[in-house]
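Note sheet for the following structure.
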Amino acid sequence: RILEELAAERVRYVLVGGLAAMEHGSSQLTDDFDLCYDRSRDNLERLSRVLLHLKATLRGDPKDLPFKPDVPTLHAGLNFTFSTVAGDLDILGEMDGIGGYENANQGASDVDTYGVRVRVLSLDDLIRAKKAAGRPKDKAHLLELEELKRLKRKRPKRSSPTPFRTPP
């Protein structure tokens, strides 16, 4: 549903994090949807509408804390972690090791998944971001991502990465 809402509003973003890693062949499972978003005013308006449709609340904050994911709030902040009716959603204005949307989008590729066209962070940028984040879970995941990169160099090029698969 998150993909559908983002597509319906034509939000400009790049899929990053665990789902991007899965797109590149990672076996690591993730329980959230991470994206790096364009911070232009028109895109913040579209993103705000998506967050309102998804009934986004700040993840981990008290339920009675007043919060509205409107344009001024999104503009004043940078990175947000939300709980939504469709699952956890993290939106990143900037990523360690990468920077903002423009940098993330540069090497990204287009993938069709569940009938939606999605920009996916490149494997090289994903590795760079994981290294820069330096969290224990990222360090463990790096071994797999670097092996995937090595394997992809050996394989003949494909027109696009394999789409997401629905778990059995």
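Residue numbering restarts at 1 in every chain; chains get A, B, ... in the order shown in the structure tokens, and ligands count up from 1 in that same order.
Using only C-alpha atoms, the protein and nucleic acid residues lying no more than 10 Å from Arg39 of chain A, apart from those fewer than 6 places from it along its own chain, are Arg12, Tyr13, Glu45, Leu47, Val71, Leu74, His75, Leu78, Leu92, Gly93, Glu94, Gly100, Tyr101 and Glu102 of chain A.
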Which residues come within 12 Å of Val14 of chain A, counting only C-alpha atoms, excluding same-chain residues fewer than 2 positions away, as a compact mmCIF listing (two decimals) with C-alpha atoms, in the first residue's frame?
```
# COMPACT_ATOMS: atom_id res chain seq x y z
CA LEU A 3 4.13 1.95 -2.87
CA LEU A 6 3.58 7.13 -3.19
CA VAL A 11 6.28 11.43 -4.79
CA ARG A 12 9.94 11.59 -5.85
CA VAL A 16 16.89 2.53 0.30
CA GLY A 17 17.63 0.23 3.24
CA LEU A 19 14.07 -3.42 0.67
CA ALA A 20 16.70 -1.95 -1.66
CA PHE A 33 10.10 0.70 4.28
CA ASP A 34 12.99 3.17 3.96
CA LEU A 35 13.15 5.93 1.39
CA CYS A 36 15.28 8.97 0.64
CA TYR A 37 12.97 11.75 -0.51
CA ASP A 38 13.26 14.90 -2.60
CA ASP A 90 11.30 5.77 7.51
CA ILE A 91 11.82 8.85 5.36
CA LEU A 92 15.33 10.20 5.02
CA GLY A 93 16.18 13.67 3.78
CA GLU A 94 19.85 12.71 3.96
CA MET A 95 21.75 9.47 4.38
CA ILE A 98 25.36 9.42 0.44
CA GLY A 100 20.36 13.77 -0.08
CA TYR A 101 17.92 12.67 -2.74
CA GLU A 102 19.89 14.04 -5.70
CA ASN A 103 22.94 11.96 -4.77
CA ALA A 104 20.86 8.85 -4.04
CA ASN A 105 18.98 9.23 -7.32
CA GLN A 106 22.13 9.58 -9.45
CA GLY A 107 23.07 5.91 -9.48
CA ALA A 108 19.60 4.52 -8.76
CA SER A 109 17.82 2.22 -11.18
CA ASP A 110 14.16 1.85 -12.11
CA VAL A 111 12.40 -1.35 -11.07
CA ARG A 117 7.83 1.84 -10.94
CA VAL A 118 10.33 2.42 -8.14
CA ARG A 119 13.79 4.01 -8.05
CA VAL A 120 16.18 1.75 -6.10
CA LEU A 121 19.48 2.83 -4.56
CA SER A 122 22.49 1.34 -6.35
CA ASP A 125 25.60 3.42 -2.72
CA LEU A 126 23.88 0.94 -0.43
```
Open item on the list: Let's see if you can do this: from backbone DSSP, list all strand (DSSP E) residues in segment 1-162 of chain A, as a ChimeraX atom specification.
Closed with: /A:13-16,32-37,57-58,79-84,87-92,94-95,99-100,109-113,116-120
Open item on the list: With distances taken over only C-alpha atoms, which residue among A:Leu51, A:Leu148, A:Leu58, A:Ala86 lies nearest Asp70 of chain A?
Closed with: A:Leu51
- [ ] Please indicate the distance in Å from atom CA of Leu142 of chain A to atom CA of Gly77 of chain A, rounded to one decimal place.
- [x] 28.6 Å
Open item on the list: Can you pull out the residues contacting Asp88 of chain A? Cut-off 8 Å, using only C-alpha atoms, and skip same-chain residues under 2 positions away; I want them as a ChimeraX atom specification.
Closed with: /A:31-33,59,81-84,86,90
Task: For atom CA of Tyr114 of chain A and atom CA of Met22 of chain A, the interatomic separation in Å (one decimal) - done: 14.6 Å
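Minimum atom-to-atom distance to Arg135 of chain A, evaluated using only C-alpha atoms, belongs to A:Asp96 out of A:Asp96, A:Glu147, A:Asp112, A:Glu4.
Minimum atom-to-atom distances from A:Ala7, A:Ala133, A:Thr30, A:Asp42 to Gly87 of chain A were compared using only C-alpha atoms, and the lowest value belongs to A:Thr30.
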Open item on the list: Which of segment 10-155 of chain A end up as alpha helix (DSSP H) when DSSP is run on this backbone - answer as a VMD selection string?
Closed with: chain A and resid 17 to 23 41 to 53 71 to 76 101 to 106 123 to 133 136 to 154
Open item on the list: Give me, as a PyMOL selection string, all polymer residues having an atom no more than 9 Å from Asp124 of chain A, counting only C-alpha atoms and skipping those fewer than 3 positions away in the same chain.
Closed with: chain A and resi 107+121+127-129+145-146+149
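Considering only C-alpha atoms, the residue among A:Lys139, A:Arg10, A:Lys131, A:Arg1 positioned nearest to His53 of chain A is A:Arg1.
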Open item on the list: Would you compute the distance between atom CA of His24 of chain A and atom CA of Leu151 of chain A? Give it in Å to one decimal.
Closed with: 11.0 Å
